[in-house]
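File shown: model13.txt (compact mmCIF, C-alpha atoms).
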```
# COMPACT_ATOMS: atom_id res chain seq x y z
CA MET M 1 66.46 95.84 135.07
CA THR M 2 69.23 98.22 134.00
CA ARG M 3 69.65 99.51 130.46
CA ARG M 4 72.73 97.34 130.01
CA GLU M 5 70.74 94.28 131.07
CA LEU M 6 67.91 95.28 128.72
CA LEU M 7 70.28 95.43 125.77
CA LYS M 8 71.77 92.05 126.63
CA SER M 9 68.29 90.54 126.68
CA VAL M 10 67.46 91.64 123.12
CA GLU M 11 67.31 88.85 120.55
CA ALA M 12 68.48 90.55 117.39
CA THR M 13 71.18 90.23 114.75
CA TYR M 14 72.74 93.51 115.81
CA VAL M 15 72.50 95.21 119.20
CA SER M 16 74.60 98.20 120.26
CA SER M 17 77.38 97.09 122.59
CA THR M 18 78.00 100.56 123.99
CA VAL M 19 75.68 103.55 124.29
CA GLY M 20 76.53 107.11 125.29
CA GLY M 21 79.69 109.09 125.14
CA SER M 22 80.93 112.57 125.88
CA LEU M 23 79.53 115.17 128.25
CA VAL M 24 78.61 117.29 125.21
CA ALA M 25 76.40 114.47 123.91
CA LYS M 26 74.65 114.25 127.26
CA VAL M 27 74.08 117.99 127.63
CA PHE M 28 73.59 118.93 123.97
CA PRO M 29 72.53 115.72 122.19
CA SER M 30 71.29 117.41 119.01
CA LEU M 31 74.51 119.42 118.63
CA ALA M 32 76.66 116.32 119.17
CA PHE M 33 74.58 114.19 116.83
CA TYR M 34 74.39 116.61 113.92
CA SER M 35 78.05 117.54 114.16
CA ARG M 36 78.93 113.86 113.65
CA VAL M 37 76.38 113.36 110.88
CA THR M 38 77.49 116.51 109.04
CA LYS M 39 81.15 115.46 109.05
CA THR M 40 80.24 112.04 107.69
CA VAL M 41 77.99 113.41 104.95
CA PHE M 42 80.54 116.01 103.79
CA ARG M 43 83.32 113.42 103.69
CA ALA M 44 81.20 110.92 101.77
CA SER M 45 80.02 113.65 99.40
CA LEU M 46 83.62 114.52 98.52
CA HIS M 47 84.26 110.86 97.69
CA ALA M 48 81.15 110.81 95.50
CA GLN M 49 82.09 114.03 93.68
CA SER M 50 85.52 112.60 92.90
CA GLY M 51 84.00 109.40 91.53
CA ASN M 52 85.41 107.27 94.34
CA PHE M 53 82.19 106.47 96.20
CA ASN M 54 81.95 102.67 96.16
CA HIS M 55 80.18 100.08 98.34
CA ALA M 56 82.91 100.32 100.97
CA CYS M 57 82.46 104.11 101.23
CA TRP M 58 78.71 103.70 101.51
CA ARG M 59 79.07 101.04 104.17
CA ASP M 60 81.56 103.05 106.20
CA ALA M 61 79.50 106.26 106.04
CA SER M 62 76.40 104.35 107.13
CA ARG M 63 78.25 102.80 110.05
CA GLU M 64 79.48 106.22 111.13
CA ILE M 65 75.87 107.42 111.21
CA ARG M 66 74.96 104.38 113.32
CA GLU M 67 77.80 105.20 115.69
CA ALA M 68 76.50 108.78 115.94
CA PHE M 69 73.22 107.40 117.29
CA GLU M 70 75.01 105.16 119.76
CA ARG M 71 77.58 107.69 120.99
CA CYS M 72 74.82 110.24 121.49
CA GLY M 73 72.76 107.89 123.63
CA ALA M 74 70.34 106.01 121.33
CA PRO M 75 70.96 102.25 121.00
CA VAL M 76 70.46 100.54 117.63
CA MET M 77 68.87 97.11 117.20
CA VAL M 78 68.38 95.20 113.94
CA GLU M 79 66.30 92.02 113.79
CA ASN M 80 66.66 89.18 111.28
CA LEU M 81 69.43 90.81 109.28
CA ASP M 82 70.99 87.40 108.75
CA LEU M 83 68.21 86.48 106.32
CA PHE M 84 70.28 88.12 103.57
CA GLU M 85 73.03 85.58 104.21
CA ARG M 86 70.48 82.77 103.96
CA PHE M 87 68.53 84.26 101.08
CA LYS M 88 70.72 85.23 98.12
CA GLU M 89 68.11 86.30 95.57
CA PRO M 90 67.35 89.96 94.78
CA CYS M 91 64.10 91.15 96.34
CA VAL M 92 61.95 94.21 96.95
CA ILE M 93 62.29 95.41 100.55
CA ILE M 94 59.15 97.30 101.59
CA GLY M 95 58.93 99.33 104.78
CA ASN M 96 57.48 102.27 106.66
CA HIS M 97 59.24 105.62 106.49
CA MET M 98 59.66 107.42 109.82
CA SER M 99 62.74 109.63 109.53
CA THR M 100 65.90 110.40 107.58
CA ALA M 101 67.64 107.57 109.45
CA GLU M 102 66.41 104.73 107.24
CA THR M 103 67.96 106.46 104.24
CA PHE M 104 71.33 106.04 105.95
CA LEU M 105 71.37 103.04 108.26
CA PRO M 106 70.49 99.90 106.23
CA ALA M 107 73.48 100.17 103.88
CA GLY M 108 75.97 99.75 106.72
CA PHE M 109 74.47 96.38 107.50
CA MET M 110 73.59 95.22 103.99
CA VAL M 111 75.92 96.29 101.17
CA ASP M 112 78.61 93.73 101.98
CA ILE M 113 75.98 90.97 101.87
CA CYS M 114 73.34 92.20 99.45
CA PRO M 115 73.70 94.83 96.69
CA VAL M 116 70.91 97.32 97.30
CA THR M 117 69.51 100.65 96.16
CA TYR M 118 66.51 102.86 96.95
CA VAL M 119 63.46 104.31 95.29
CA VAL M 120 63.87 108.01 96.11
CA LYS M 121 62.08 111.26 95.37
CA GLN M 122 63.60 113.79 93.00
CA GLY M 123 64.34 116.14 95.87
CA LEU M 124 66.93 113.79 97.37
CA ILE M 125 69.14 113.86 94.29
CA GLU M 126 68.94 117.67 94.30
CA TYR M 127 69.58 118.13 98.04
CA PRO M 128 72.75 120.18 98.72
CA VAL M 129 75.83 118.03 99.45
CA PHE M 130 73.84 114.82 100.00
CA LYS M 131 72.77 114.71 96.34
CA HIS M 132 76.22 113.49 95.30
CA ILE M 133 75.99 110.53 97.66
CA MET M 134 72.46 109.66 96.61
CA ARG M 135 73.30 109.75 92.91
CA ALA M 136 76.31 107.51 93.49
CA THR M 137 74.05 104.78 94.88
CA ASN M 138 72.29 104.48 91.50
CA PRO M 139 68.77 105.00 92.87
CA ILE M 140 65.39 104.79 91.16
CA VAL M 141 64.18 108.39 91.03
CA VAL M 142 60.52 109.41 91.07
CA GLY M 143 58.87 112.83 91.08
CA ARG M 144 55.96 114.21 93.08
CA ASN M 145 53.44 115.36 90.48
CA ASP M 146 52.71 112.40 88.20
CA PRO M 147 51.87 109.11 89.95
CA ARG M 148 51.39 107.30 86.63
CA GLN M 149 54.86 108.26 85.42
CA ASP M 150 56.33 107.32 88.80
CA LEU M 151 54.76 103.87 88.53
CA LYS M 152 56.19 103.42 85.02
CA THR M 153 59.63 104.49 86.24
CA VAL M 154 59.59 102.12 89.21
CA MET M 155 58.37 99.24 87.06
CA SER M 156 60.93 99.71 84.29
CA VAL M 157 64.04 100.84 86.16
CA GLY M 158 63.20 98.64 89.15
CA GLN M 159 63.13 95.56 86.96
CA GLU M 160 66.51 96.52 85.50
CA ARG M 161 68.04 96.78 88.97
CA LEU M 162 66.53 93.48 90.12
CA LYS M 163 67.65 91.63 86.97
CA ALA M 164 71.16 92.91 87.68
CA GLY M 165 70.98 91.32 91.14
CA VAL M 166 70.37 94.55 93.07
CA SER M 167 67.63 94.51 95.70
CA VAL M 168 65.37 97.55 95.91
CA ILE M 169 64.28 99.32 99.12
CA ILE M 170 61.03 101.22 98.80
CA PHE M 171 58.94 103.22 101.27
CA PRO M 172 55.37 103.33 99.86
CA GLN M 173 54.23 106.35 101.87
CA LYS M 174 53.73 109.91 100.63
CA THR M 175 56.01 111.32 103.28
CA ARG M 176 57.92 110.47 106.46
CA THR M 177 55.68 110.13 109.49
CA VAL M 178 56.02 108.83 113.05
CA ALA M 179 52.46 107.51 113.19
CA PHE M 180 52.01 104.59 110.81
CA ASP M 181 48.84 104.88 108.71
CA PRO M 182 48.07 101.74 106.65
CA ASN M 183 45.74 103.82 104.45
CA ASP M 184 48.76 105.82 103.28
CA PHE M 185 50.76 102.68 102.42
CA ASN M 186 50.36 101.99 98.71
CA SER M 187 51.13 98.76 96.84
CA ILE M 188 53.80 100.00 94.43
CA GLY M 189 56.49 97.78 95.97
CA VAL M 190 54.36 94.66 95.68
CA LYS M 191 53.54 95.56 92.06
CA LEU M 192 57.23 95.83 91.25
CA ALA M 193 57.98 92.46 92.88
CA ARG M 194 55.09 90.84 91.00
CA LYS M 195 56.24 92.32 87.68
CA ALA M 196 59.85 91.25 88.24
CA ASN M 197 58.87 87.86 89.68
CA VAL M 198 60.88 88.35 92.87
CA PRO M 199 59.82 88.06 96.52
CA VAL M 200 59.09 90.92 98.89
CA VAL M 201 60.73 91.36 102.29
CA PRO M 202 58.81 93.29 104.99
CA PHE M 203 60.86 96.03 106.65
CA ALA M 204 59.77 97.77 109.86
CA VAL M 205 61.58 100.76 111.38
CA LYS M 206 61.28 102.92 114.46
CA THR M 207 63.76 105.73 113.99
CA ASP M 208 62.14 108.73 115.66
CA ALA M 209 65.29 109.44 117.66
CA TRP M 210 66.12 111.49 114.55
CA SER M 211 62.96 113.58 114.58
CA ASN M 212 61.52 115.62 111.75
CA GLY M 213 62.02 119.35 112.08
CA LYS M 214 59.37 122.04 111.67
CA ARG M 215 61.34 124.38 109.43
CA LEU M 216 64.00 122.01 108.13
CA LYS M 217 62.49 118.54 108.02
CA ASP M 218 65.83 116.73 108.10
CA PHE M 219 67.07 118.58 111.21
CA GLY M 220 64.62 118.02 114.02
CA PRO M 221 65.70 117.57 117.65
CA PHE M 222 67.69 114.42 118.40
CA HIS M 223 66.09 112.26 121.09
CA PRO M 224 68.64 109.92 122.73
CA GLU M 225 65.91 108.41 124.93
CA ARG M 226 64.33 106.81 121.85
CA PRO M 227 66.06 103.57 120.76
CA VAL M 228 66.42 102.83 117.06
CA HIS M 229 64.78 99.63 115.82
CA MET M 230 64.82 97.94 112.43
CA ALA M 231 63.46 94.49 111.54
CA PHE M 232 63.29 92.43 108.38
CA GLY M 233 60.57 89.85 107.83
CA GLU M 234 60.92 86.62 105.90
CA PRO M 235 60.75 86.77 102.08
CA MET M 236 57.32 86.23 100.54
CA PRO M 237 56.65 85.27 96.90
CA ILE M 238 53.83 87.21 95.28
CA THR M 239 50.66 85.24 94.64
CA HIS M 240 47.72 86.43 92.55
CA ASN M 241 47.55 90.27 92.64
CA GLY M 242 49.71 90.75 95.75
CA LYS M 243 46.98 92.07 98.06
CA GLU M 244 47.62 89.36 100.66
CA GLU M 245 51.35 90.09 100.70
CA ASN M 246 50.79 93.83 101.02
CA ALA M 247 48.42 93.22 103.93
CA ALA M 248 50.99 90.91 105.54
CA ILE M 249 53.67 93.63 105.27
CA ILE M 250 51.36 96.13 106.94
CA GLU M 251 50.62 93.69 109.77
CA PHE M 252 54.34 92.99 110.22
CA ILE M 253 55.07 96.71 110.59
CA LYS M 254 52.15 97.26 112.99
CA ASP M 255 53.23 94.29 115.13
CA ARG M 256 56.87 95.38 115.38
CA LEU M 257 55.93 98.99 116.22
CA LYS M 258 53.62 97.79 118.98
CA THR M 259 56.30 95.51 120.42
CA TRP M 260 58.95 98.23 120.27
CA GLU M 261 56.69 100.73 121.99
CA LYS M 262 56.53 98.43 125.02
CA TRP M 263 60.28 97.80 124.97
CA ASP M 264 61.05 101.51 124.73
CA ALA M 265 58.87 102.19 127.76
CA LEU M 266 61.09 99.81 129.74
CA TRP M 267 64.21 101.51 128.36
CA GLN M 268 63.05 104.94 129.48
CA LYS M 269 62.34 103.67 133.01
CA ALA M 270 65.66 101.84 133.33
CA LYS M 271 68.93 103.50 134.36
```

Do you think you could lay out the structure here as structure tokens?
Amino acid sequence: MTRRELLKSVEATYVSSTVGGSLVAKVFPSLAFYSRVTKTVFRASLHAQSGNFNHACWRDASREIREAFERCGAPVMVENLDLFERFKEPCVIIGNHMSTAETFLPAGFMVDICPVTYVVKQGLIEYPVFKHIMRATNPIVVGRNDPRQDLKTVMSVGQERLKAGVSVIIFPQKTRTVAFDPNDFNSIGVKLARKANVPVVPFAVKTDAWSNGKRLKDFGPFHPERPVHMAFGEPMPITHNGKEENAAIIEFIKDRLKTWEKWDALWQKAK
């Protein structure tokens, strides 16, 4: 089976229609990828600094990042995105955190359907250039040194966002990592959903095409041979203390990662 046939066989809400581009992208994929990403981030940052960064700007910047993946050789697939057209209530979207990509990509698919924001670490709203974009998305900001205060912040500000009809994306891991460790996946997202009386939506990602760097974590080598996958599970109301729902989210992520690993092996063999 060819790569084009593989893509056509994928059952997902979004599947890249074209993959690959210029000779530069083929020979120097990291250079091509980061040149596109940098242009997008600088342009969006200027909009944010001028006070003109709205949902349309966020959506367009996110889609440009998605196109950077595709034009540099990595296809993008999103499963069950249409649930946000079927399910109109605000929710807490809980997923694994693999790379910088999931900070960018979901908005391009979601903001026109579902108002959304992130729980982010303090460092992201202080990051050069990108901080203006992040602040414009009205995130929930937590620190690194006081878990109790972080929990209070997520509970209070998170409830405010949800009551205003804004869904919250949260990655309950200490840091980005390619290998998913359930023991490092805390229950803060489930606790927020329980407190706000809203459902949770499982969110699995495989975004290691944008790898973590050794010196600069956000600028690791770009790997076009690694497809980008994202999948949303069905909404789950919280029952009792939320342990069952948190376990179900973990199982959803583990299952999707296992499935994608097999699919990616076929992709790498195909031509």

### Query
Near range 57-72 of chain M, within 9 Å and counting all atoms listed in the file, which residues show up once chain neighbours fewer than 5 positions away are dropped, as a PyMOL selection string?
chain M and resi 16-22+24-26+29-30+32-34+36-37+40-41+43-44+47-48+52+101+104-112+133+137+209-210+222-224+227-228

If we count only C-alpha atoms, what is near range 191-195 of chain M at a cut-off of 7 Å, once residues fewer than 4 positions away on the same chain are taken out, given as a PDB file with C-alpha atoms, in the coordinates of the input?
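Saved file around-v1.pdb follows:
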```pdb
ATOM      1  CA  VAL M  92      61.950  94.210  96.950  1.00  0.00           C
ATOM      2  CA  MET M 155      58.370  99.240  87.060  1.00  0.00           C
ATOM      3  CA  GLY M 158      63.200  98.640  89.150  1.00  0.00           C
ATOM      4  CA  SER M 187      51.130  98.760  96.840  1.00  0.00           C
ATOM      5  CA  PRO M 199      59.820  88.060  96.520  1.00  0.00           C
ATOM      6  CA  VAL M 200      59.090  90.920  98.890  1.00  0.00           C
ATOM      7  CA  ILE M 238      53.830  87.210  95.280  1.00  0.00           C
TER       8      ILE M 238
END
```

### Query
Pick from M:Arg226, M:Val27, M:Gly95, M:Glu244: nearest to Gln268 in chain M, with all atoms listed in the file counted?
M:Arg226

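Excluding Gly123 in chain M itself and same-chain residues fewer than 2 positions from it, the residues having an atom within 10 Å of it are Val120, Lys121, Ile125, Glu126, Tyr127, Pro128, Lys131, Val141, Val142, Gly143 and Arg144 of chain M, counting only C-alpha atoms.
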
Take the residues from that selection and put them in a file with C-alpha atoms, as a PDB file, in the coordinates of the input.
```
ATOM      1  CA  VAL M 120      63.870 108.010  96.110  1.00  0.00           C
ATOM      2  CA  LYS M 121      62.080 111.260  95.370  1.00  0.00           C
ATOM      3  CA  ILE M 125      69.140 113.860  94.290  1.00  0.00           C
ATOM      4  CA  GLU M 126      68.940 117.670  94.300  1.00  0.00           C
ATOM      5  CA  TYR M 127      69.580 118.130  98.040  1.00  0.00           C
ATOM      6  CA  PRO M 128      72.750 120.180  98.720  1.00  0.00           C
ATOM      7  CA  LYS M 131      72.770 114.710  96.340  1.00  0.00           C
ATOM      8  CA  VAL M 141      64.180 108.390  91.030  1.00  0.00           C
ATOM      9  CA  VAL M 142      60.520 109.410  91.070  1.00  0.00           C
ATOM     10  CA  GLY M 143      58.870 112.830  91.080  1.00  0.00           C
ATOM     11  CA  ARG M 144      55.960 114.210  93.080  1.00  0.00           C
TER      12      ARG M 144
END
```

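The gap separating CA of Pro139 in chain M from CA of Phe203 in chain M is 18.2 Å, in Å to one decimal.
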
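In terms of minimum interatomic distance to Phe53 in chain M, M:Ala136 ranks closest within M:Val10, M:Pro115, M:Ile93, M:Ala136, counting all atoms listed in the file.
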